[in-house]
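Scroll down for the structure; my scribbles are underneath it.
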Amino acid sequence: MTDTPDAALPAARDPAAAPPAASHDSDAHGGHHNADGMLKLAVGAIGIVFGDIGTSPLYAFRETFAGHHKLALDPAHIMGVISLMFWSMMIVVTVKYVIIIMRADNKGEGGSLALLALVSGKTKTRRWSKGIILLGVFATALFYGDSMITPAVSVLSAVEGLAVAAPSFAGLVLPIAVAILIFLFYIQSSGTARVGLFFGPIMLVYFSVIAVLGGLSIAQTPEVLWALSPHYAVQFFLIDPERAFLALGSVVLAVTGAEALYADMGHFGRRPIGISWLFFVLPALILNYMGQGALLFRDGSSALVSPFYNLAPDALQLPLVILATAAAVIASQAVISGAFSVTQQAIQLGFIPRLRIEHTSASTAGQIYIPLVNWALMIMVILLVLFFRTSSNLTSAYGIAVTGAMFIDTCLLGVVLFRLWHWPVYFAVPLLAIFFLVDGAYFAANLTKVPAGGWFPLLVGFIIFTFLTTWSKGRQLMIDRMREAAMPIKVFIGSASGSASRVPGTAVFMTSTPDGVPHALLHNLKHNKVLHERVILLTVKIVGQPYWPADDRAIREELGEGFHRLVLRYGFMEDADVPAALREVHNCGADFKMMDTSFFLSRQTLLPSDKPGMMIWREKLFAWMLRNAESAMEFFRLPTNRVVELGSQIEI
C-alpha cells in the first residue's frame with residue numbers, strides 16, 4: 001500500500017471551524033424525542049452502554065476480599081467496601097460523568113478524542129495546549145489497553161461460574177472462554193445491527209435478575225443497608241488505612257465502564273443514558289453489591305469463592321452462568337465497537353494512518369468494522385486469557401488503564417470548566433479537587449498492581465502512544481518539507497498556461513495544504529507536458545466537530561486560466577467520500593462527471609535524514625507506517641480506473 005501526504009492527509013485541521021463552546025443543555029438525542037422515543041433510547045442504552053460496568057459484580061466484590069491484598073471478612077471491612085463502592089459510583093459515575101462531563105459534548109459526541117477536539121480549539125494559542133493534546137492522546141492509547149482487557153476479564157469471569165454451578169466442568173472454563181471470544185471477533189465483519197436488537201432485552205433481564213438476587217440476600221441480613229452511610233468508608237480508612245488504600249485498586253473495578261457512558265453519548269443522548277443509570281442500572285448494581293456483602297456476613301469464606309453466583313440457589317446457578325456470559329459478550333461487543341469508533345476518530349484527527357474501514361449498515365453511519373483493529377484485538381485478548389488464565393489474575397492488570405483515562409478526563413474537564421463554561425473559581429476548584437482526590441487515589445492504588453499484571457495496559461498504552469505521536473509528528477514534518485519546496489500557485493499558473501498544451505477533461509490534484517502547487521501537478525506537467533482544461537486543487541479538511549453540514553461542504557476559489565482551488569470539509573466522525581461531494585458542487589464550471597475526471601495522487605517515498613525533527617528510529621517507524629497505510633484512493637472512495645499516482649522522495 002502507499003500513503004499520500006499530498007492526497008489530503010485526513011487530519012488537516014480547519015482553524016476557521018473550531019468547535020463552539022459546549023452548551024450546558026445540549027443533548028444528542030434526548031431533547032428531541034417524546035416519552036416513547038426516550039424510553040426506547042433508554043432501553044438501548046442499557047443494552048450497549050452499561051455492559052462493562054454491569055458485569056463488574058461478577059468479580060469486583062470478590063477481588064476486593066480475595067485478591068492480591070486480602071481483607072478480613074469482618075463487619076467493618078465488609079461495610080467499608082460496600083460504602084466505598086456506593087460512593088465511588090455516586091461521585092465518579094453519577095456526579096462526574098452523568099451530571100457534569102456529559103454536558104461537555106462536541107456537537108452531541110463524547111469520548112476523550114471528542115473532548116480533546118472540543119478543548120484544543122480554545123487553547124491552541126496557549127503554551128500548555130500541547131500538553132493537553134498529549135494527555136488526550138495518552139487517554140486514547142490507554143483505551144486500547146482497556147479494550148483488550150475488558151473482553152478477556154468479562155467473558156472469563158462469567159464462564160468461571162461453571163466451576164461453581166458444575167464443578168466437574170471446571171477444566172473446560174478456559175477452552176470455552178477462548179471459543180466464545182473467537183466467535184465474538186469472527187462475527188464483527190457481518191455487523192451487529194441484528195444482534196444489537198437483543199442487547200437491550202438481555203441486559204434488562206440481567207440487571208433485573210442481579211437486583212432481585214441482591215434484594216433477597218439483603219432481606220436476610222437487612223443491617224447491610226447501613227453501609228450506604230459514608231462514615232463506614234471513612235471508618236475503614238481510620239481502622240486499617242494501608243489495606244483500605246490497597247483495596248481501592250479492587251473497589252475501582254465497580255466503576256470500570258464509566259467512561260463508556262461519555263463515549264457512547266452520541267448514539268443515545270445524555271438524557272436517556274442518565275435516566276437509565278439513575279433509575280435502573282445504579283439501583284440494580286447497588287442491590288447486588290449489598291447482597292454479596294450480606295452473603296459474606298452469613299456464610300463468610302465459603303461464599304467468597306464466587307459471591308455473585310452463590311447469591312443464586314443451586315438449581316439456578318447454571319442459568320445464571322448463561323445469562324452472565326451473554327451479558328459479558330455484550331460488554332465485550334460494546335468495547336470492540338468503541339475501539340472501531342475511536343480508531344476512526346483518530347484517523348480523521350491525524351493520529352493514526354489511514355486504515356481500511358468497512359460499513360456494516362447502509363442506514364447507520366456509526367456501525368463500522370476495521371479488520372486490522374479487530375484481528376489485532378482478538379490476538380491480544382486470547383493471549384491475555386491464556387497467559388493470565390483466571391479472571392482473578394486478569395483483574396490485577398485491570399484498573400490502571402481505566403483510572404488513568406478517568407484522571408485525564410478530569411484534567412480536560414478542568415479546561416472545560418474554566419475556558420469553555422467560565423465557572424466561578426469558588427465552585428469549580430472544590431469540585432475539581434474532589435475529582436482529582438478520588439481519581440488520584442484510585443490511580444495510585446492501581447499502581448501497586450504493576451508487578452502483578454498492571455504493567456500490561458501501561459506497556460500497551462506507551463507503545464500505542466508512541467505510534468500515535470510518531471504519526472502525527474511525522475505527518476506535520478512531511479507537510480512542512482513539502483510546503484518549503486512548493487512553488488507559489490500564481491507563479492505556476494502564469495508560467496505553465498502559456499507553454500503547456502491543454503487537453504479536454506478535468507484533473508483533480510489532491511493536496512494536504514491549501515496553498516502552493518501539489519507535487520503531482522508538477523510531475524505531471526514535467527513528464528506529460530499537458531494540462532487539462534479544468535484543473536482542481538483539492539484539499540480535504542477534517543474539522544474539530546463530529547459532523548459538518550453537507551450543504552456547506554465545499555469552499556471554492558477561482559485561480560484563473562481554468563484553475564480552481566476546492567476545499568471539502570468533513571467532521572471527524574464522517575467518511576470522506578470525495579466523488580459524492582464533487583457531484584454536489586455546481587459552481588466550479590460544468591458539473592463533475594467521473595468518466596471525464598482524472599484524480600492525480602502523489603506517492604511519497606520517505607528518506608530518513610539527520611535533519612532536525614525526529615530521532616532516526618522514529619523516522620524509520622513513520623516510514624514503515626507510511627508504507628502500510630491504506631491507499632488514499634480507497635480511503636477517499638475514488639474510482640479505481642480514474643486514478644493516477646506519481647511518485648516523489650522527501651527527506652524529513
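Convention: chains lettered A, B, ... in C-alpha cells order; per-chain residue numbering from 1; ligands numbered from 1 as shown.
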Quiz item: Using only C-alpha atoms, which residues sit within 10 Å of A:Ala72 once same-chain residues fewer than 5 positions away are excluded, as a ChimeraX atom specification?
Solution: /A:65-66,77-78,243,300-301
Next, the residues of the selection above should be written as a PDB file, in the first residue's frame with C-alpha atoms.
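Just written: again15.pdb:
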ATOM      1  CA  PHE A  65     -11.538  -9.540  49.617  1.00  0.00           C
ATOM      2  CA  ALA A  66      -9.847 -12.462  47.838  1.00  0.00           C
ATOM      3  CA  HIS A  77     -14.328  -4.350  56.253  1.00  0.00           C
ATOM      4  CA  ILE A  78     -17.484  -5.605  54.508  1.00  0.00           C
ATOM      5  CA  ARG A 243      -5.377  -2.039  53.477  1.00  0.00           C
ATOM      6  CA  GLY A 300     -18.057 -15.997  55.226  1.00  0.00           C
ATOM      7  CA  SER A 301     -15.209 -17.643  53.339  1.00  0.00           C
TER       8      SER A 301
END
Exercise. Just list the residues in stretch 234-465 of chain A DSSP gives helix (DSSP H, G or I) on the backbone, as a ChimeraX atom specification.
Key: /A:234-239,241-255,258-263,265-268,270-303,307-310,314-348,371-388,391-397,400-420,425-447,450-465
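When atom CA of A:Leu559 is paired with atom CA of A:Gly589, their separation reads 12.5 Å.
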Quiz item: Taking only C-alpha atoms into account, which of A:Ile336, A:Val95, A:Ile322, A:Met79 comes nearest A:Met148?
Solution: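 Closest candidate: A:Ile336.
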Self-check item: Nearby residues (only C-alpha atoms) at most 9 Å from A:Val373, same-chain spacing under 5 positions excluded, as a ChimeraX atom specification
Solution: /A:336,339-340,343,378
Write the selection just made, keeping N, CA, C and O atoms, as a tab-separated table (two decimals), in the first residue's frame?
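Output file again_12.tsv follows:
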chain	number	residue	atom	x	y	z
A	336	ILE	N	-15.46	-3.44	21.82
A	336	ILE	CA	-14.90	-3.64	20.48
A	336	ILE	C	-15.43	-2.58	19.52
A	336	ILE	O	-14.67	-1.97	18.75
A	339	ALA	N	-13.72	0.57	20.14
A	339	ALA	CA	-12.36	0.62	19.58
A	339	ALA	C	-12.42	1.00	18.10
A	339	ALA	O	-11.57	1.76	17.61
A	340	PHE	N	-13.42	0.50	17.38
A	340	PHE	CA	-13.57	0.88	15.98
A	340	PHE	C	-13.85	2.38	15.86
A	340	PHE	O	-13.26	3.07	15.02
A	343	THR	N	-10.82	4.50	16.73
A	343	THR	CA	-9.82	4.42	15.66
A	343	THR	C	-10.21	5.32	14.50
A	343	THR	O	-9.36	6.02	13.93
A	378	MET	N	-8.33	-9.36	18.82
A	378	MET	CA	-8.61	-10.76	19.09
A	378	MET	C	-7.35	-11.50	19.54
A	378	MET	O	-7.37	-12.25	20.53
Exercise. Find the spatial neighbours of A:Thr395, counting only C-alpha atoms, within a cut-off of 8 Å - ignore same-chain residues fewer than 2 positions away - and output them as a PyMOL selection string.
Key: chain A and resi 63+153+250+391-393+397-399
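With only C-alpha atoms as the atoms that count, the residue of A:Glu561, A:Glu484, A:Asp575, A:Asp551 with the shortest distance to A:His359 is A:Asp575.
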Quiz prompt | Surrounding residues of A:Thr64 excluding itself and chain neighbours under 3 positions, 7 Å, only C-alpha atoms, as number ranges by chain | solution = A: 60-61, 67, 70, 247, 250-251
Exercise. Determine which residues of stretch 559-649 of chain A DSSP labels as strand (DSSP E or B) from the backbone of this structure, then write them out as a VMD selection string.
Key: chain A and resid 559 to 560 563 to 570 597 to 607 643 to 649
Quick one: write out the picked residues with C-alpha atoms as a PDB file, in the first residue's frame?
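out-v4.pdb, written as the output of this step:
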ATOM      1  CA  LEU A 559      -7.453  30.971  -9.626  1.00  0.00           C
ATOM      2  CA  GLY A 560      -7.818  31.826 -13.312  1.00  0.00           C
ATOM      3  CA  PHE A 563      -7.544  26.532 -12.270  1.00  0.00           C
ATOM      4  CA  HIS A 564      -9.742  26.224  -9.170  1.00  0.00           C
ATOM      5  CA  ARG A 565      -8.933  25.581  -5.534  1.00  0.00           C
ATOM      6  CA  LEU A 566     -11.529  23.471  -3.724  1.00  0.00           C
ATOM      7  CA  VAL A 567     -11.707  22.635  -0.006  1.00  0.00           C
ATOM      8  CA  LEU A 568     -14.054  19.892   1.217  1.00  0.00           C
ATOM      9  CA  ARG A 569     -14.812  19.922   4.945  1.00  0.00           C
ATOM     10  CA  TYR A 570     -15.817  16.877   6.990  1.00  0.00           C
ATOM     11  CA  THR A 597     -12.398  13.328 -14.367  1.00  0.00           C
ATOM     12  CA  SER A 598      -8.908  12.063 -13.528  1.00  0.00           C
ATOM     13  CA  PHE A 599      -7.561  12.051  -9.971  1.00  0.00           C
ATOM     14  CA  PHE A 600      -3.827  12.599  -9.514  1.00  0.00           C
ATOM     15  CA  LEU A 601      -2.250  11.463  -6.251  1.00  0.00           C
ATOM     16  CA  SER A 602       1.302  11.967  -5.077  1.00  0.00           C
ATOM     17  CA  ARG A 603       3.021   8.902  -3.637  1.00  0.00           C
ATOM     18  CA  GLN A 604       5.861   9.902  -1.328  1.00  0.00           C
ATOM     19  CA  THR A 605       8.890   7.784  -0.507  1.00  0.00           C
ATOM     20  CA  LEU A 606      10.325   8.857   2.827  1.00  0.00           C
ATOM     21  CA  LEU A 607      14.078   9.203   3.240  1.00  0.00           C
ATOM     22  CA  VAL A 643      -6.632   7.458 -10.504  1.00  0.00           C
ATOM     23  CA  VAL A 644      -3.024   8.241 -11.457  1.00  0.00           C
ATOM     24  CA  GLU A 645      -0.225   8.072  -8.874  1.00  0.00           C
ATOM     25  CA  LEU A 646       3.037   9.961  -9.313  1.00  0.00           C
ATOM     26  CA  GLY A 647       5.987   9.334  -7.007  1.00  0.00           C
ATOM     27  CA  SER A 648       8.493  11.608  -5.302  1.00  0.00           C
ATOM     28  CA  GLN A 649      11.048  11.444  -2.496  1.00  0.00           C
TER      29      GLN A 649
END
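The space between atom CA of A:Pro353 and atom CA of A:Ser120 spans 20.9 Å.
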Exercise. Please provide the set of residues having any atom within 8 Å of A:Gly145, restricted to only C-alpha atoms, with same-chain residues fewer than 6 positions apart removed, written as a ChimeraX atom specification.
Key: /A:401,456-458,460-461
Practice problem: Just give me the gap between atom CA of A:Leu525 and atom CA of A:Val585 in Å, one decimal is fine. | Solution: 26.0 Å
